[in-house]
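Text of entry37.cif (mmCIF, C-alpha atoms (C1' of nucleotides)) as supplied:
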data_final
#
loop_
_atom_site.label_atom_id
_atom_site.label_comp_id
_atom_site.auth_asym_id
_atom_site.auth_seq_id
_atom_site.Cartn_x
_atom_site.Cartn_y
_atom_site.Cartn_z
CA MET A 1 -62.07 -70.62 -84.90
CA THR A 2 -62.55 -67.46 -86.96
CA ASP A 3 -65.81 -65.56 -86.82
CA PRO A 4 -65.44 -62.38 -88.88
CA ALA A 5 -69.13 -61.50 -88.33
CA ALA A 6 -68.54 -60.85 -84.63
CA ALA A 7 -68.19 -57.10 -84.08
CA ILE A 8 -65.19 -56.03 -82.02
CA SER A 9 -65.85 -53.67 -79.11
CA ASN A 10 -63.79 -50.58 -78.31
CA LEU A 11 -62.19 -52.54 -75.51
CA GLY A 12 -61.32 -55.22 -78.05
CA PHE A 13 -59.45 -52.66 -80.15
CA ALA A 14 -57.67 -51.35 -77.07
CA ILE A 15 -56.43 -54.89 -76.36
CA LEU A 16 -55.50 -55.48 -80.01
CA GLY A 17 -53.52 -52.23 -79.89
CA LEU A 18 -51.59 -53.53 -76.90
CA LEU A 19 -50.94 -56.95 -78.42
CA ALA A 20 -49.90 -55.43 -81.77
CA ARG A 21 -47.05 -53.82 -79.87
CA ARG A 22 -46.01 -56.89 -77.92
CA GLU A 23 -47.43 -60.30 -76.99
CA SER A 24 -48.58 -60.64 -73.37
CA THR A 25 -50.45 -62.77 -70.87
CA GLY A 26 -53.92 -61.58 -69.84
CA TYR A 27 -52.43 -60.42 -66.57
CA GLU A 28 -49.85 -58.33 -68.40
CA VAL A 29 -52.54 -56.84 -70.62
CA ALA A 30 -54.36 -55.73 -67.46
CA GLN A 31 -51.12 -54.17 -66.14
CA ARG A 32 -50.23 -52.47 -69.41
CA MET A 33 -53.78 -51.10 -69.66
CA ARG A 34 -52.94 -48.77 -66.77
CA ARG A 35 -50.04 -46.88 -68.27
CA PRO A 36 -49.97 -45.14 -70.67
CA ILE A 37 -53.09 -46.44 -72.43
CA GLY A 38 -54.99 -45.96 -69.16
CA TYR A 39 -54.57 -42.20 -69.65
CA PHE A 40 -57.33 -42.38 -72.26
CA TRP A 41 -58.92 -45.83 -71.89
CA THR A 42 -59.36 -48.03 -68.83
CA ALA A 43 -60.51 -51.58 -68.13
CA ARG A 44 -60.24 -54.00 -65.21
CA HIS A 45 -59.08 -57.58 -65.43
CA SER A 46 -62.68 -58.77 -65.02
CA GLN A 47 -63.47 -57.14 -68.35
CA ILE A 48 -60.20 -58.06 -70.04
CA TYR A 49 -60.22 -61.84 -69.57
CA PRO A 50 -63.66 -62.41 -71.16
CA GLU A 51 -62.76 -60.00 -73.98
CA LEU A 52 -59.54 -61.92 -74.69
CA ASN A 53 -61.61 -65.10 -74.99
CA ARG A 54 -63.97 -63.37 -77.44
CA LEU A 55 -61.04 -62.07 -79.52
CA ASP A 56 -59.61 -65.58 -79.49
CA ALA A 57 -62.91 -67.08 -80.68
CA ALA A 58 -63.07 -64.45 -83.43
CA GLY A 59 -59.56 -65.35 -84.62
CA MET A 60 -58.16 -61.90 -83.80
CA VAL A 61 -55.64 -63.29 -81.31
CA GLU A 62 -54.14 -66.70 -80.62
CA HIS A 63 -52.63 -68.09 -77.43
CA GLU A 64 -50.21 -70.69 -76.17
CA VAL A 65 -50.28 -72.14 -72.68
CA ILE A 66 -47.06 -71.45 -70.79
CA ASP A 67 -45.65 -72.20 -67.34
CA GLY A 68 -46.70 -69.75 -64.67
CA ALA A 69 -48.16 -69.14 -61.25
CA GLY A 70 -51.83 -69.47 -60.47
CA PRO A 71 -54.47 -72.17 -60.20
CA ARG A 72 -55.34 -72.06 -63.92
CA PRO A 73 -53.16 -72.40 -67.00
CA THR A 74 -51.25 -69.23 -67.90
CA LYS A 75 -51.87 -68.10 -71.49
CA ARG A 76 -49.65 -65.91 -73.64
CA TYR A 77 -51.62 -64.02 -76.31
CA ARG A 78 -50.37 -62.90 -79.72
CA ILE A 79 -52.27 -60.85 -82.34
CA THR A 80 -53.03 -62.67 -85.61
CA GLU A 81 -52.78 -61.29 -89.15
CA THR A 82 -56.59 -61.03 -89.11
CA GLY A 83 -56.41 -59.07 -85.87
CA ARG A 84 -53.70 -56.78 -87.21
CA ALA A 85 -55.79 -56.03 -90.31
CA ALA A 86 -58.95 -55.42 -88.25
CA LEU A 87 -57.06 -53.00 -86.00
CA ALA A 88 -55.60 -51.00 -88.90
CA ALA A 89 -59.01 -50.83 -90.60
CA TRP A 90 -60.63 -49.56 -87.40
CA VAL A 91 -57.95 -46.91 -86.87
CA VAL A 92 -58.73 -45.20 -90.17
CA GLY A 93 -62.45 -46.08 -90.18
CA GLU A 94 -65.51 -43.84 -89.93
CA LEU A 95 -65.37 -41.21 -87.15
CA GLU A 96 -68.69 -40.61 -85.39
CA PRO A 97 -68.40 -37.57 -83.12
CA GLN A 98 -68.07 -38.94 -79.60
CA PRO A 99 -70.26 -37.59 -76.81
CA VAL A 100 -68.12 -35.99 -74.10
CA ARG A 101 -68.69 -37.16 -70.53
CA ASP A 102 -66.88 -34.89 -68.11
CA LEU A 103 -67.90 -34.94 -64.47
CA GLU A 104 -65.75 -31.91 -63.61
CA VAL A 105 -67.51 -29.73 -66.15
CA LEU A 106 -70.86 -31.07 -64.93
CA ARG A 107 -69.96 -29.73 -61.48
CA LEU A 108 -68.83 -26.39 -62.83
CA TRP A 109 -72.12 -26.11 -64.66
CA SER A 110 -73.84 -25.87 -61.25
CA ILE A 111 -71.14 -23.74 -59.60
CA TRP A 112 -73.53 -20.76 -59.45
CA THR A 113 -75.33 -22.54 -56.57
CA VAL A 114 -72.37 -22.14 -54.16
CA ASP A 115 -70.73 -19.03 -52.73
CA PRO A 116 -67.67 -17.57 -54.54
CA GLU A 117 -65.17 -18.64 -51.84
CA ALA A 118 -66.25 -22.31 -52.12
CA ALA A 119 -66.17 -21.97 -55.91
CA ASP A 120 -62.64 -20.62 -55.83
CA ASP A 121 -61.57 -23.47 -53.55
CA LEU A 122 -63.12 -26.05 -55.90
CA ILE A 123 -61.28 -24.64 -58.90
CA GLY A 124 -58.07 -24.61 -56.86
CA ARG A 125 -58.42 -28.34 -56.18
CA LEU A 126 -59.18 -28.90 -59.85
CA GLU A 127 -55.92 -27.14 -60.70
CA ASP A 128 -53.99 -29.40 -58.32
CA THR A 129 -55.19 -32.59 -59.99
CA HIS A 130 -54.54 -31.22 -63.50
CA GLN A 131 -51.05 -30.17 -62.42
CA SER A 132 -50.12 -33.57 -60.98
CA VAL A 133 -51.43 -35.37 -64.08
CA LEU A 134 -49.46 -32.94 -66.27
CA ASP A 135 -46.28 -33.65 -64.28
CA ARG A 136 -46.73 -37.38 -64.79
CA TYR A 137 -47.29 -36.96 -68.54
CA LEU A 138 -44.18 -34.79 -68.83
CA GLU A 139 -42.03 -37.42 -67.11
CA GLU A 140 -43.47 -40.09 -69.38
CA LEU A 141 -42.81 -38.01 -72.50
CA ALA A 142 -39.20 -37.38 -71.41
CA GLU A 143 -38.70 -41.16 -71.23
CA VAL A 144 -40.19 -41.76 -74.66
CA ALA A 145 -39.21 -38.78 -76.83
CA GLY A 146 -35.48 -39.49 -76.91
CA GLN A 147 -35.75 -43.15 -77.83
CA PRO A 148 -34.93 -44.29 -81.37
CA GLY A 149 -38.12 -44.76 -83.35
CA ALA A 150 -40.06 -42.02 -81.55
CA ARG A 151 -39.94 -39.93 -84.75
CA ASP A 152 -40.80 -42.79 -87.12
CA PRO A 153 -44.57 -42.89 -87.88
CA ALA A 154 -44.41 -46.67 -88.32
CA ASN A 155 -42.98 -47.15 -84.83
CA PRO A 156 -45.30 -47.59 -81.81
CA LEU A 157 -43.20 -45.06 -79.89
CA PHE A 158 -44.25 -42.40 -82.40
CA ALA A 159 -47.90 -43.00 -81.46
CA THR A 160 -47.07 -43.06 -77.74
CA ARG A 161 -45.27 -39.75 -78.14
CA ILE A 162 -47.99 -37.91 -80.05
CA THR A 163 -50.77 -39.11 -77.72
CA LEU A 164 -48.76 -38.00 -74.67
CA GLU A 165 -48.23 -34.65 -76.36
CA GLY A 166 -52.02 -34.38 -76.72
CA GLY A 167 -52.50 -35.10 -73.03
CA ILE A 168 -49.92 -32.48 -72.09
CA ARG A 169 -51.49 -29.81 -74.29
CA SER A 170 -54.95 -30.60 -72.96
CA ARG A 171 -53.89 -30.40 -69.30
CA ARG A 172 -52.02 -27.16 -69.85
CA THR A 173 -55.12 -25.69 -71.45
CA ALA A 174 -57.22 -26.92 -68.52
CA LEU A 175 -54.83 -25.18 -66.11
CA GLU A 176 -55.06 -21.91 -68.06
CA TRP A 177 -58.83 -22.22 -68.09
CA CYS A 178 -58.86 -22.73 -64.29
CA ALA A 179 -56.75 -19.59 -63.79
CA TRP A 180 -59.10 -17.69 -66.10
CA MET A 181 -62.16 -18.88 -64.13
CA ARG A 182 -60.64 -17.74 -60.84
CA ALA A 183 -59.99 -14.35 -62.38
CA GLU A 184 -63.61 -14.18 -63.56
CA LEU A 185 -64.79 -14.98 -60.03
CA ALA A 186 -62.46 -12.34 -58.58
CA ALA A 187 -63.53 -9.74 -61.15
CA ALA A 188 -67.15 -10.08 -60.05
CA ASN A 189 -66.20 -9.75 -56.38
CA ARG A 190 -64.79 -6.27 -56.84
CA MET B 1 -91.11 -39.55 -49.07
CA THR B 2 -87.59 -38.54 -48.15
CA ASP B 3 -84.81 -41.12 -48.12
CA PRO B 4 -81.54 -39.27 -47.43
CA ALA B 5 -79.63 -42.57 -47.34
CA ALA B 6 -80.16 -43.13 -51.07
CA ALA B 7 -77.02 -42.08 -52.95
CA ILE B 8 -77.60 -39.79 -55.92
CA SER B 9 -75.98 -40.78 -59.21
CA ASN B 10 -74.08 -38.44 -61.50
CA LEU B 11 -77.11 -38.39 -63.76
CA GLY B 12 -79.17 -37.40 -60.73
CA PHE B 13 -76.95 -34.37 -60.16
CA ALA B 14 -77.15 -33.48 -63.85
CA ILE B 15 -80.96 -33.45 -63.58
CA LEU B 16 -80.89 -31.51 -60.30
CA GLY B 17 -78.62 -28.98 -62.00
CA LEU B 18 -81.21 -28.54 -64.74
CA LEU B 19 -84.16 -28.26 -62.35
CA ALA B 20 -82.26 -25.82 -60.10
CA ARG B 21 -82.23 -23.46 -63.07
CA ARG B 22 -85.86 -23.92 -64.03
CA GLU B 23 -88.72 -26.36 -63.36
CA SER B 24 -89.55 -28.71 -66.23
CA THR B 25 -91.49 -31.77 -67.31
CA GLY B 26 -89.53 -34.99 -67.81
CA TYR B 27 -89.82 -34.45 -71.54
CA GLU B 28 -88.31 -30.97 -71.22
CA VAL B 29 -85.49 -32.33 -69.05
CA ALA B 30 -84.67 -34.76 -71.85
CA GLN B 31 -84.68 -31.90 -74.39
CA ARG B 32 -82.60 -29.57 -72.21
CA MET B 33 -80.10 -32.39 -71.59
CA ARG B 34 -79.00 -32.06 -75.22
CA ARG B 35 -77.90 -28.45 -75.23
CA PRO B 36 -75.69 -27.16 -73.71
CA ILE B 37 -75.40 -29.70 -70.88
CA GLY B 38 -75.13 -32.43 -73.53
CA TYR B 39 -71.75 -30.97 -74.48
CA PHE B 40 -70.32 -32.65 -71.37
CA TRP B 41 -73.04 -35.03 -70.15
CA THR B 42 -75.66 -37.00 -72.06
CA ALA B 43 -78.69 -39.12 -71.20
CA ARG B 44 -81.72 -40.42 -73.08
CA HIS B 45 -85.30 -40.17 -71.91
CA SER B 46 -85.26 -43.89 -71.01
CA GLN B 47 -82.66 -43.10 -68.37
CA ILE B 48 -84.18 -39.77 -67.30
CA TYR B 49 -87.73 -40.87 -66.42
CA PRO B 50 -86.68 -43.60 -63.94
CA GLU B 51 -84.07 -41.24 -62.43
CA LEU B 52 -86.72 -38.55 -61.91
CA ASN B 53 -88.82 -41.10 -60.04
CA ARG B 54 -85.83 -41.98 -57.85
CA LEU B 55 -85.10 -38.31 -57.12
CA ASP B 56 -88.78 -37.88 -56.30
CA ALA B 57 -88.74 -40.83 -53.89
CA ALA B 58 -85.59 -39.41 -52.26
CA GLY B 59 -87.29 -36.04 -51.74
CA MET B 60 -84.85 -34.20 -54.01
CA VAL B 61 -87.58 -33.09 -56.39
CA GLU B 62 -91.36 -32.79 -56.22
CA HIS B 63 -93.93 -32.82 -59.00
CA GLU B 64 -97.42 -31.68 -59.84
CA VAL B 65 -99.60 -33.27 -62.47
CA ILE B 66 -100.54 -30.81 -65.20
CA ASP B 67 -102.57 -30.86 -68.42
CA GLY B 68 -100.66 -32.13 -71.42
CA ALA B 69 -100.52 -34.45 -74.37
CA GLY B 70 -99.77 -38.14 -74.07
CA PRO B 71 -101.43 -41.28 -72.74
CA ARG B 72 -100.07 -40.79 -69.20
CA PRO B 73 -100.32 -37.85 -66.82
CA THR B 74 -97.83 -35.07 -67.57
CA LYS B 75 -95.71 -34.13 -64.55
CA ARG B 76 -93.92 -30.87 -63.91
CA TYR B 77 -90.87 -31.31 -61.66
CA ARG B 78 -89.40 -28.74 -59.28
CA ILE B 79 -86.25 -29.09 -57.15
CA THR B 80 -86.84 -29.12 -53.35
CA GLU B 81 -84.76 -27.36 -50.68
CA THR B 82 -83.25 -30.77 -49.88
CA GLY B 83 -82.34 -31.24 -53.53
CA ARG B 84 -80.85 -27.76 -53.78
CA ALA B 85 -78.67 -28.43 -50.71
CA ALA B 86 -77.58 -31.86 -52.00
CA LEU B 87 -76.60 -30.31 -55.34
CA ALA B 88 -74.54 -27.52 -53.75
CA ALA B 89 -72.80 -30.01 -51.43
CA TRP B 90 -71.94 -32.25 -54.37
CA VAL B 91 -70.56 -29.35 -56.43
CA VAL B 92 -67.90 -28.53 -53.83
CA GLY B 93 -67.45 -32.13 -52.61
CA GLU B 94 -64.43 -34.44 -52.82
CA LEU B 95 -62.79 -34.62 -56.28
CA GLU B 96 -61.59 -38.06 -57.24
CA PRO B 97 -59.48 -37.83 -60.42
CA GLN B 98 -61.73 -39.04 -63.21
CA PRO B 99 -60.49 -41.67 -65.66
CA VAL B 100 -60.43 -40.27 -69.18
CA ARG B 101 -62.22 -42.26 -71.89
CA ASP B 102 -61.33 -40.91 -75.31
CA LEU B 103 -61.94 -43.09 -78.34
CA GLU B 104 -60.11 -40.70 -80.68
CA VAL B 105 -56.91 -40.90 -78.68
CA LEU B 106 -57.33 -44.68 -78.50
CA ARG B 107 -57.26 -44.73 -82.30
CA LEU B 108 -54.26 -42.43 -82.49
CA TRP B 109 -52.45 -44.72 -80.10
CA SER B 110 -52.49 -47.39 -82.85
CA ILE B 111 -51.87 -44.99 -85.75
CA TRP B 112 -48.41 -46.50 -86.28
CA THR B 113 -50.14 -49.55 -87.84
CA VAL B 114 -51.34 -47.56 -90.90
CA ASP B 115 -49.43 -45.80 -93.65
CA PRO B 116 -48.68 -42.05 -93.29
CA GLU B 117 -51.15 -40.98 -95.99
CA ALA B 118 -54.04 -42.74 -94.23
CA ALA B 119 -52.82 -41.31 -90.92
CA ASP B 120 -52.81 -37.79 -92.34
CA ASP B 121 -56.31 -38.30 -93.71
CA LEU B 122 -57.57 -39.52 -90.33
CA ILE B 123 -56.16 -36.47 -88.55
CA GLY B 124 -57.71 -34.25 -91.21
CA ARG B 125 -61.15 -35.72 -90.49
CA LEU B 126 -60.50 -35.27 -86.76
CA GLU B 127 -59.79 -31.59 -87.40
CA ASP B 128 -63.09 -31.21 -89.27
CA THR B 129 -65.14 -32.51 -86.37
CA HIS B 130 -63.27 -30.39 -83.82
CA GLN B 131 -63.76 -27.33 -86.00
CA SER B 132 -67.51 -27.82 -86.37
CA VAL B 133 -67.94 -28.38 -82.63
CA LEU B 134 -65.86 -25.26 -81.98
CA ASP B 135 -68.06 -23.23 -84.33
CA ARG B 136 -71.17 -24.37 -82.47
CA TYR B 137 -69.67 -23.49 -79.07
CA LEU B 138 -68.68 -20.05 -80.32
CA GLU B 139 -72.21 -19.32 -81.53
CA GLU B 140 -73.60 -20.49 -78.21
CA LEU B 141 -71.16 -18.32 -76.25
CA ALA B 142 -72.06 -15.28 -78.34
CA GLU B 143 -75.70 -15.79 -77.36
CA VAL B 144 -74.89 -16.12 -73.66
CA ALA B 145 -71.96 -13.79 -72.96
CA GLY B 146 -73.81 -10.55 -73.56
CA GLN B 147 -76.85 -11.35 -71.42
CA PRO B 148 -77.28 -9.68 -68.04
CA GLY B 149 -76.14 -12.01 -65.27
CA ALA B 150 -73.44 -13.72 -67.34
CA ARG B 151 -70.78 -12.02 -65.20
CA ASP B 152 -72.50 -12.69 -61.87
CA PRO B 153 -71.14 -15.88 -60.19
CA ALA B 154 -74.51 -16.50 -58.54
CA ASN B 155 -76.32 -16.51 -61.89
CA PRO B 156 -76.69 -19.74 -63.90
CA LEU B 157 -75.58 -17.89 -67.04
CA PHE B 158 -72.18 -17.34 -65.40
CA ALA B 159 -71.75 -21.12 -65.15
CA THR B 160 -73.00 -21.64 -68.71
CA ARG B 161 -70.51 -19.06 -69.92
CA ILE B 162 -67.44 -20.45 -68.13
CA THR B 163 -68.18 -24.06 -69.16
CA LEU B 164 -68.62 -23.00 -72.79
CA GLU B 165 -65.32 -21.12 -72.53
CA GLY B 166 -63.71 -24.39 -71.37
CA GLY B 167 -65.12 -26.27 -74.35
CA ILE B 168 -63.85 -23.59 -76.73
CA ARG B 169 -60.35 -23.62 -75.26
CA SER B 170 -60.22 -27.41 -75.34
CA ARG B 171 -61.32 -27.65 -78.98
CA ARG B 172 -58.86 -24.96 -80.04
CA THR B 173 -56.09 -26.88 -78.32
CA ALA B 174 -57.21 -30.07 -80.05
CA LEU B 175 -57.03 -28.30 -83.42
CA GLU B 176 -53.51 -27.05 -82.71
CA TRP B 177 -52.52 -30.54 -81.66
CA CYS B 178 -53.90 -31.99 -84.91
CA ALA B 179 -51.88 -29.48 -86.96
CA TRP B 180 -48.79 -30.37 -84.92
CA MET B 181 -49.33 -34.09 -85.54
CA ARG B 182 -49.63 -33.56 -89.30
CA ALA B 183 -46.37 -31.63 -89.20
CA GLU B 184 -44.73 -34.47 -87.29
CA LEU B 185 -45.93 -36.95 -89.92
CA ALA B 186 -44.66 -34.70 -92.71
CA ALA B 187 -41.29 -34.17 -91.01
CA ALA B 188 -40.68 -37.91 -90.97
CA ASN B 189 -41.61 -38.23 -94.65
CA ARG B 190 -38.79 -35.98 -95.79
"C1'" DA C 1 -44.30 -67.20 -41.49
"C1'" DA C 2 -46.56 -63.39 -43.73
"C1'" DA C 3 -47.27 -60.37 -47.41
"C1'" DT C 4 -47.04 -59.40 -52.11
"C1'" DT C 5 -47.22 -60.52 -56.83
"C1'" DC C 6 -48.58 -63.54 -60.54
"C1'" DA C 7 -52.51 -65.45 -62.76
"C1'" DT C 8 -57.35 -66.39 -64.34
"C1'" DG C 9 -61.69 -66.59 -63.84
"C1'" DT C 10 -67.18 -65.68 -62.33
"C1'" DA C 11 -71.17 -63.03 -60.14
"C1'" DA C 12 -73.79 -59.19 -59.15
"C1'" DA C 13 -75.00 -54.70 -59.71
"C1'" DG C 14 -75.04 -50.17 -61.84
"C1'" DA C 15 -74.82 -47.16 -65.94
"C1'" DG C 16 -76.06 -46.35 -70.58
"C1'" DT C 17 -78.08 -47.27 -75.35
"C1'" DT C 18 -81.47 -49.05 -78.45
"C1'" DA C 19 -85.82 -50.65 -79.26
"C1'" DC C 20 -90.68 -51.32 -78.10
"C1'" DA C 21 -95.10 -49.28 -76.72
"C1'" DT C 22 -98.92 -45.94 -76.42
"C1'" DG C 23 -101.69 -42.04 -77.55
"C1'" DA C 24 -102.99 -36.96 -77.51
"C1'" DT C 25 -102.12 -32.40 -79.61
"C1'" DT C 26 -100.37 -29.46 -82.99
"C1'" DT C 27 -98.70 -28.19 -87.48
"C1'" DC C 28 -98.54 -28.75 -92.48
"C1'" DG D 1 -105.37 -36.61 -93.59
"C1'" DA D 2 -100.41 -37.11 -92.56
"C1'" DA D 3 -96.48 -35.91 -90.10
"C1'" DA D 4 -94.27 -33.99 -86.31
"C1'" DT D 5 -94.13 -32.98 -81.60
"C1'" DC D 6 -95.48 -33.68 -76.81
"C1'" DA D 7 -95.34 -36.99 -73.20
"C1'" DT D 8 -94.16 -41.12 -70.29
"C1'" DG D 9 -92.98 -45.35 -69.62
"C1'" DT D 10 -90.72 -50.58 -70.00
"C1'" DA D 11 -87.55 -54.29 -71.95
"C1'" DA D 12 -83.47 -56.04 -73.63
"C1'" DC D 13 -78.92 -55.57 -74.23
"C1'" DT D 14 -74.12 -53.79 -73.72
"C1'" DC D 15 -70.56 -51.85 -71.06
"C1'" DT D 16 -68.23 -51.07 -66.71
"C1'" DT D 17 -67.21 -51.54 -61.81
"C1'" DT D 18 -66.97 -53.98 -57.50
"C1'" DA D 19 -66.76 -58.04 -55.18
"C1'" DC D 20 -65.99 -63.01 -54.74
"C1'" DA D 21 -62.92 -67.00 -55.56
"C1'" DT D 22 -58.69 -69.74 -55.99
"C1'" DG D 23 -53.90 -70.91 -55.50
"C1'" DA D 24 -48.81 -70.94 -56.87
"C1'" DA D 25 -44.39 -68.37 -56.78
"C1'" DT D 26 -41.72 -64.82 -54.92
"C1'" DT D 27 -40.20 -61.47 -51.70
"C1'" DT D 28 -39.76 -59.65 -46.99
#
Let's see the structure in the file written out as structure tokens.
Amino acid sequence: MTDPAAAISNLGFAILGLLARRESTGYEVAQRMRRPIGYFWTARHSQIYPELNRLDAAGMVEHEVIDGAGPRPTKRYRITETGRAALAAWVVGELEPQPVRDLEVLRLWSIWTVDPEAADDLIGRLEDTHQSVLDRYLEELAEVAGQPGARDPANPLFATRITLEGGIRSRRTALEWCAWMRAELAAANR
Amino acid sequence: MTDPAAAISNLGFAILGLLARRESTGYEVAQRMRRPIGYFWTARHSQIYPELNRLDAAGMVEHEVIDGAGPRPTKRYRITETGRAALAAWVVGELEPQPVRDLEVLRLWSIWTVDPEAADDLIGRLEDTHQSVLDRYLEELAEVAGQPGARDPANPLFATRITLEGGIRSRRTALEWCAWMRAELAAANR
DNA sequence: AAATTCATGTAAAGAGTTACATGATTTC
DNA sequence: GAAATCATGTAACTCTTTACATGAATTT
């Protein structure tokens, strides 16, 4: 059943993006959502299964029942031509500026309420998490960048590579910013 | 009434952060939430008024009824000592790595599904929005950086200044990344 | 035999946006 | 006199997380 009137959610486009690369069961979609798409969009299986059913009803994906474990029939999903077209149209569609929601910056915004030693410690812990995320991204990029297709804009690996590059640049900048903040704290202390 | 058992939401800490700087009516909290705190955390008045009532019930803020426009009594809120302590404890508390949710990167992750001209156009529009946000942040920083207190870690302006600096660095990095992506697209075209 | 993974769902609650509702004061 | 701003709330809906539920196949 195709219902083109039904609007597709952001999560829907995340799932279509996964299925455009490779067909998968719902379970696999939930696994693949963690890495590397989970670096910029996350969803749990409890959100994914209902969304797959909606995409199916809208004709964006189709499924076949296959053999598998579990008390219910295992379904393998594939993107349809309609779904492929909807995804491509969304990718180049209107860009409304997205509100940023960053809990770390929200904390830093109230950092003046704590003493400078505690502030320095907080920023140090912030650095640690940025560093470990950066390390993970770098490993991931090393795996991807050498593969054939990673330099071809029509290949999914190209998109994986340039988004990882964005993550790496952003974490490096965050680390530099943290070092700068500690210096600002230290400068005031003297 | 003080209920220390009630957990405070992220929005609650955003509001406490505002009231720690200066007492305000609910209406003013909603206005102040837009700039500059709205650069990293947003909320509408429909979320703010109920949250203020919860903070009030938890003893984190207190209010007095003042003269003002509107069909209901106008309340001016002030953070309590309890609220101040809860805010400071939260600022330096445990840091769980936050999941990133970035719709722009989600698009770019599927950019391989569109032709290189459309991809280049998309990145160009991305650059425009980053540039205009950067310009706004720079203006804001110019207003803040020169004021007395902006270099004192115990002054709210210090926190405003370092968070703005973070926004500026992050947008500049995003712009460089966009330019790099366009070059990568162009390199493949030759 | 026990633990883990595969596999798909629903329920409840919290977080967030949009829309509805009201009415006084101030500015044009 | 009209429009904008001040001022506070509720209702409905969407999105997201956490918890509940089930059971087969595989690995230890």
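Residues lying at most 9 Å from (-58.9, -27.0, -60.7) in file coordinates, with all atoms listed in the file considered, are Glu104, Asp120, Asp121, Leu122, Ile123, Gly124, Arg125, Leu126, Glu127, Asp128, Thr129, His130, Gln131, Ala174, Leu175, Trp177, Cys178 and Ala179 of chain A.
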I'd like the box whose edges run along x, y and z of the file and which contains every listed atom of segment 39-50 of chain B, padded by 4 Å per side; could you state its centre and edge lengths in Å, one decimal, as lines of an AutoDock Vina configuration file?
center_x = -79.0
center_y = -37.4
center_z = -69.2
size_x = 25.4
size_y = 20.9
size_z = 18.5
- [ ] Rank D:DT5, D:DT10, D:DT27, D:DT17 by their smallest atom-to-atom distance to DT5 of chain C, using only C-alpha atoms (C1' of nucleotides), and report the top residue only.
- [x] D:DT27
Open item on the list: Applying the PyMOL selection byres ((chain B) within 7 of (chain C)) to the file I just gave you, which residues come out? Please list them as a ChimeraX atom specification.
Closed with: /B:69-71
Restricting the output to C-alpha atoms, write the selected residues as a PDB file, keeping the file's coordinate frame.
ATOM      1  CA  ALA B  69    -100.520 -34.450 -74.370  1.00  0.00           C
ATOM      2  CA  GLY B  70     -99.770 -38.140 -74.070  1.00  0.00           C
ATOM      3  CA  PRO B  71    -101.430 -41.280 -72.740  1.00  0.00           C
TER       4      PRO B  71
END
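Going from atom CA of Ala159 of chain A over to atom CA of Leu108 of chain B, you cover 6.5 Å.
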Task: Expansion of the PyMOL selection byres ((chain A) within 6 of (chain B)) into residues, as a ChimeraX atom specification - done: /A:17,40-41,88,91-92,100-102,107,109-110,112-114,122,153-156,159
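Atom CA of Ala30 of chain B to atom CA of Arg44 of chain B spans 6.5 Å [interatomic distance, one decimal].
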- [ ] May I have the residues of chain D within 9 Å of chain B, counting all atoms listed in the file, written as a ChimeraX atom specification?
- [x] /D:6-10
Just write segment 47-54 of chain A with N, CA, C and O atoms, as an mmCIF file, in the first residue's frame, taken from the block above.
data_model
loop_
_atom_site.group_PDB
_atom_site.id
_atom_site.type_symbol
_atom_site.label_atom_id
_atom_site.label_comp_id
_atom_site.auth_asym_id
_atom_site.auth_seq_id
_atom_site.Cartn_x
_atom_site.Cartn_y
_atom_site.Cartn_z
ATOM 1 N N GLN A 47 11.805 2.137 18.732
ATOM 2 C CA GLN A 47 11.391 3.206 17.823
ATOM 3 C C GLN A 47 11.490 2.727 16.374
ATOM 4 O O GLN A 47 10.718 3.157 15.511
ATOM 5 N N ILE A 48 12.445 1.839 16.123
ATOM 6 C CA ILE A 48 12.733 1.397 14.762
ATOM 7 C C ILE A 48 11.638 0.476 14.193
ATOM 8 O O ILE A 48 11.197 0.664 13.053
ATOM 9 N N TYR A 49 11.204 -0.496 14.984
ATOM 10 C CA TYR A 49 10.202 -1.431 14.464
ATOM 11 C C TYR A 49 8.900 -0.744 14.029
ATOM 12 O O TYR A 49 8.433 -0.989 12.916
ATOM 13 N N PRO A 50 8.319 0.117 14.869
ATOM 14 C CA PRO A 50 7.103 0.816 14.409
ATOM 15 C C PRO A 50 7.370 1.687 13.179
ATOM 16 O O PRO A 50 6.524 1.775 12.281
ATOM 17 N N GLU A 51 8.558 2.318 13.125
ATOM 18 C CA GLU A 51 8.865 3.188 11.987
ATOM 19 C C GLU A 51 8.991 2.371 10.697
ATOM 20 O O GLU A 51 8.554 2.808 9.632
ATOM 21 N N LEU A 52 9.578 1.183 10.788
ATOM 22 C CA LEU A 52 9.669 0.296 9.626
ATOM 23 C C LEU A 52 8.267 -0.056 9.120
ATOM 24 O O LEU A 52 8.027 -0.089 7.907
ATOM 25 N N ASN A 53 7.353 -0.310 10.044
ATOM 26 C CA ASN A 53 5.976 -0.610 9.638
ATOM 27 C C ASN A 53 5.320 0.577 8.938
ATOM 28 O O ASN A 53 4.594 0.403 7.964
ATOM 29 N N ARG A 54 5.608 1.787 9.434
ATOM 30 C CA ARG A 54 5.060 2.990 8.791
ATOM 31 C C ARG A 54 5.639 3.171 7.394
ATOM 32 O O ARG A 54 4.918 3.489 6.445
#
